[in-house]
Amino acid sequence: MFFHLFQYLEELNFPGAGIFQYITFRSACAIILSLVIATVGGKKIIRMLQRQQIGEEIRDLGLAGQMEKKGTPTMGGVIILLAILVPVLLFARLDNIYTQLMLISTVWLGIIGFADDYIKVFRKHKEGLKGRFKVIGQVGLGLIVGLTLYMSDDAVIREKAGLMDVGVTTSTIDEGFSQEGRMQVLTKDIKSTKTTIPFFKDNEFDYAWFTSWAGKYSEGLGWILFVIITIFIITAVSNGANLTDGLDGLATGTSAIIGATLGILAYVSGNMVYADYLNIMYIPHSGELVVYISAFIGATIGFLWYNSYPAQVFMGDTGSLALGGIIAVFAIIIHKELLIPALCGIFLMENLSVVMQVSYFKYTKQKYGEGQRIFLMAPLHHHFQKKGIPEPKIVTRFWIIGIILAVLTIVTLKMR
């Protein structure tokens, strides 16, 4: 909103209006405002939740300190959503297709999570929203994201189309071309199903490779495959974040680390100079996403003020489903979704621990008549609780692992 207002004021030669043209300035404003909303506004929302007696129902699973959390206000994800949406609406370019997709994703998954929490808290149904409805919602968002990236003329990548002798020696970099000595690099914007693949010298992979056998239909089938993969990634990462939200500050802190990494990836992908230097895919206008992810980082860190051990509020599915979905959609938009297994390794471990536990239990029960378990308890963080490790230590160690994975993800830009 402010960007468009000050763009108009700049046309009128209003002093200082041009500062809102800078992504870095607007990103700084977004992260500051999101921190203020999450900390100052969060306190008022927590009091409101306490007055409404919106407390967490806790089942006794024999975990240390578990029953002490009973009655802690839940649905605190509302704080995170507000701390993201308000700064983005104020400081981001609202005519940017990527910003629009991120806003839709935030609201969409926030509504699904809110419905789940509402059923648990007010309707007293412990299972919450039925799993199939959650999946339908996640699939719906995947379709919206995938089809928008396919159909929108603004969702493109920029590739080099050749060199042309321009007879000058100055070096210039612009939206549409760059110059190397006397040679101008010609570029073209194309629709593409290409993505970034780590650890390979040629770090771009095209999903259409799987459908190359289809001849003239290969491109269309490639996009269908891309949409299917988009749906899978959004569903998997969203549920992974949901499973991770079991200890005070675990999902929140992990998401903040992932968000900071995605911000770096978005900035270099949306800047022609850095994209050319790092030899990575240049995505025009994706740099605007730095404003969004700055608000995301501020919101998660601000929420940690109340969610760190011992938690004064839980985010509930309102927050956890949204956080995972936001991360997935963001990575897909900047064509870095194949980095998710490394970047979101914590979510992946939590997901796999549940799948392994359930699968092995069913297999051994069928084979031996009695089910056996791999872990003392799943998801993985509860396994360590069962081993007697204090909750704050588990959370801190998971954060450290998350930082290591984040650094590894960034290093893959050059480690090929």
# chains A, B, ... in the order shown; residues from 1 in each chain; ligands from 1
$ residues_around --residues "Pro284 in chain A" --least-positions-apart "4" --cutoff "8 Å" --atoms "only C-alpha atoms" --output "ChimeraX atom specification"
/A:156-158,175,270-271
$ residues_around --residues "Ala260 in chain A" --least-positions-apart "2" --cutoff "8 Å" --atoms "only C-alpha atoms" --output "list of chain:residue names"
A:Ala256, A:Ile257, A:Ile258, A:Leu262, A:Gly263, A:Ile264, A:Ile293, A:Ser294, A:Ile297
$ residues_around --residues "range 84-90 of chain A" --least-positions-apart "3" --cutoff "7 Å" --atoms "only C-alpha atoms" --output "list of chain:residue names"
A:Met1, A:Phe2, A:Ala30, A:Leu33, A:Ser34, A:Ile80, A:Leu81, A:Val291, A:Tyr292, A:Ala295, A:Phe296, A:Ala299
$ atom_distance --atom1 "CA of Val290 in chain A" --atom2 "CA of Ala406 in chain A"
16.8 Å
$ closest_residue --among "A:Ser27, A:Gln50, A:Gln372, A:Asn13" --to "Val313 in chain A" --atoms "only C-alpha atoms"
A:Gln50
$ select_by_dssp --residues "range 183-243 of chain A" --states "helix (DSSP H, G or I)" --output "ChimeraX atom specification"
/A:207-243
$ closest_residue --among "A:Gly215, A:Asp317, A:Leu348, A:Glu159" --to "Asp276 in chain A" --atoms "only C-alpha atoms"
A:Glu159
$ residues_around --residues "Thr318 in chain A" --least-positions-apart "4" --cutoff "8 Å" --atoms "only C-alpha atoms" --output "list in words"
Met75, Gly76, Gly77, Val78, Leu109, Gly110, Ile111, Ile112, Gly113, Phe114, Ala115, Asp116, Asp117 and Ala322 of chain A
$ write_last_selection --atoms "N, CA and C atoms" --output "short mmCIF file (atom, residue, chain, number, x, y, z; two decimals), in the first residue's frame"
data_model
loop_
_atom_site.label_atom_id
_atom_site.label_comp_id
_atom_site.auth_asym_id
_atom_site.auth_seq_id
_atom_site.Cartn_x
_atom_site.Cartn_y
_atom_site.Cartn_z
N MET A 75 -4.48 -21.48 19.64
CA MET A 75 -4.91 -20.66 18.50
C MET A 75 -4.07 -19.38 18.40
N GLY A 76 -2.87 -19.40 19.02
CA GLY A 76 -1.99 -18.24 18.95
C GLY A 76 -1.43 -17.99 17.56
N GLY A 77 -1.66 -18.93 16.64
CA GLY A 77 -1.23 -18.71 15.27
C GLY A 77 -1.84 -17.46 14.66
N VAL A 78 -2.95 -17.01 15.23
CA VAL A 78 -3.57 -15.76 14.79
C VAL A 78 -2.57 -14.60 14.90
N LEU A 109 -4.40 -21.27 4.24
CA LEU A 109 -4.00 -22.27 5.22
C LEU A 109 -4.33 -21.81 6.65
N GLY A 110 -4.32 -20.50 6.86
CA GLY A 110 -4.73 -19.98 8.16
C GLY A 110 -6.17 -20.33 8.48
N ILE A 111 -7.04 -20.25 7.47
CA ILE A 111 -8.46 -20.58 7.64
C ILE A 111 -8.63 -22.07 7.94
N ILE A 112 -7.88 -22.92 7.21
CA ILE A 112 -7.97 -24.37 7.45
C ILE A 112 -7.53 -24.69 8.88
N GLY A 113 -6.40 -24.12 9.29
CA GLY A 113 -5.90 -24.35 10.65
C GLY A 113 -6.84 -23.81 11.71
N PHE A 114 -7.42 -22.63 11.44
CA PHE A 114 -8.36 -22.02 12.40
C PHE A 114 -9.59 -22.90 12.56
N ALA A 115 -10.09 -23.45 11.43
CA ALA A 115 -11.26 -24.33 11.50
C ALA A 115 -10.95 -25.56 12.34
N ASP A 116 -9.75 -26.11 12.20
CA ASP A 116 -9.34 -27.28 12.97
C ASP A 116 -9.29 -26.95 14.46
N ASP A 117 -8.68 -25.81 14.80
CA ASP A 117 -8.60 -25.40 16.21
C ASP A 117 -9.98 -25.09 16.78
N ALA A 322 -0.15 -23.19 8.55
CA ALA A 322 0.18 -22.03 7.73
C ALA A 322 1.69 -21.90 7.54
#
$ residues_around --residues "Ile410 in chain A" --least-positions-apart "4" --cutoff "9 Å" --atoms "only C-alpha atoms" --output "list in words"
Thr261, Ile264, Leu265, Leu343, Leu405, Ala406 and Lys414 of chain A
$ select_by_dssp --residues "range 190-328 of chain A" --states "strand (DSSP E)" --output "list in words"
Ile190, Lys194, Thr195, Thr196, Glu204, Phe205 and Asp206 of chain A
$ write_last_selection --atoms "C-alpha atoms" --output "compact mmCIF listing (two decimals), in the first residue's frame"
# COMPACT_ATOMS: atom_id res chain seq x y z
CA ILE A 190 10.22 -17.69 -20.73
CA LYS A 194 12.86 -25.73 -14.55
CA THR A 195 13.95 -25.81 -10.93
CA THR A 196 17.20 -25.74 -8.97
CA GLU A 204 18.90 -26.64 -13.26
CA PHE A 205 16.51 -29.53 -13.74
CA ASP A 206 13.45 -29.45 -15.99
$ closest_atom_pairs --of "range 281-359 of chain A" --to "range 245-253 of chain A" --cutoff "8 Å" --atoms "only C-alpha atoms" --output "tab-separated table"
residue	atom	partner	partner_atom	distance
A:Thr300	CA	A:Thr252	CA	5.6
A:Ile301	CA	A:Gly253	CA	7.0
A:Phe303	CA	A:Thr252	CA	7.4
A:Leu304	CA	A:Gly249	CA	6.1
A:Asn307	CA	A:Gly249	CA	5.3
A:Ser308	CA	A:Gly249	CA	4.6
A:Tyr309	CA	A:Asp248	CA	5.2
A:Pro310	CA	A:Asp248	CA	6.6
A:Ala311	CA	A:Asp248	CA	5.6
A:Phe314	CA	A:Asp248	CA	7.8
A:Gly316	CA	A:Asp245	CA	7.9
A:Ser320	CA	A:Asp245	CA	6.6
$ write_last_selection --atoms "C-alpha atoms" --output "mmCIF file, in the first residue's frame"
data_model
loop_
_atom_site.group_PDB
_atom_site.id
_atom_site.type_symbol
_atom_site.label_atom_id
_atom_site.label_comp_id
_atom_site.auth_asym_id
_atom_site.auth_seq_id
_atom_site.Cartn_x
_atom_site.Cartn_y
_atom_site.Cartn_z
ATOM 1 C CA THR A 300 7.995 -16.049 14.090
ATOM 2 C CA ILE A 301 10.718 -14.448 16.198
ATOM 3 C CA PHE A 303 5.916 -15.103 18.582
ATOM 4 C CA LEU A 304 8.860 -16.849 20.260
ATOM 5 C CA ASN A 307 6.043 -19.402 22.790
ATOM 6 C CA SER A 308 9.523 -20.177 24.163
ATOM 7 C CA TYR A 309 9.751 -22.492 27.168
ATOM 8 C CA PRO A 310 7.620 -22.357 29.246
ATOM 9 C CA ALA A 311 5.104 -21.334 26.611
ATOM 10 C CA PHE A 314 0.530 -22.297 21.593
ATOM 11 C CA GLY A 316 -2.232 -24.461 17.259
ATOM 12 C CA SER A 320 1.598 -24.653 12.212
#
$ residues_around --residues "Phe210 in chain A" --least-positions-apart "3" --cutoff "12 Å" --atoms "only C-alpha atoms" --output "number ranges by chain"
A: 193-194, 205-207, 213-215, 217-226
$ residues_around --residues "Ala328 in chain A" --least-positions-apart "6" --cutoff "7 Å" --atoms "only C-alpha atoms" --output "number ranges by chain"
A: 233-234, 237
$ closest_residue --among "A:Pro73, A:Gly388, A:Gly128, A:Gly325" --to "Leu101 in chain A" --atoms "only C-alpha atoms"
A:Gly325
$ closest_residue --among "A:Ser212, A:Ser238, A:Ser286, A:Thr74" --to "Arg93 in chain A" --atoms "only C-alpha atoms"
A:Ser286
$ atom_distance --atom1 "CA of Met281 in chain A" --atom2 "CA of Ile97 in chain A"
18.1 Å
$ closest_residue --among "A:Ile144, A:Met415, A:Ile400, A:Met315" --to "Val329 in chain A" --atoms "only C-alpha atoms"
A:Ile144
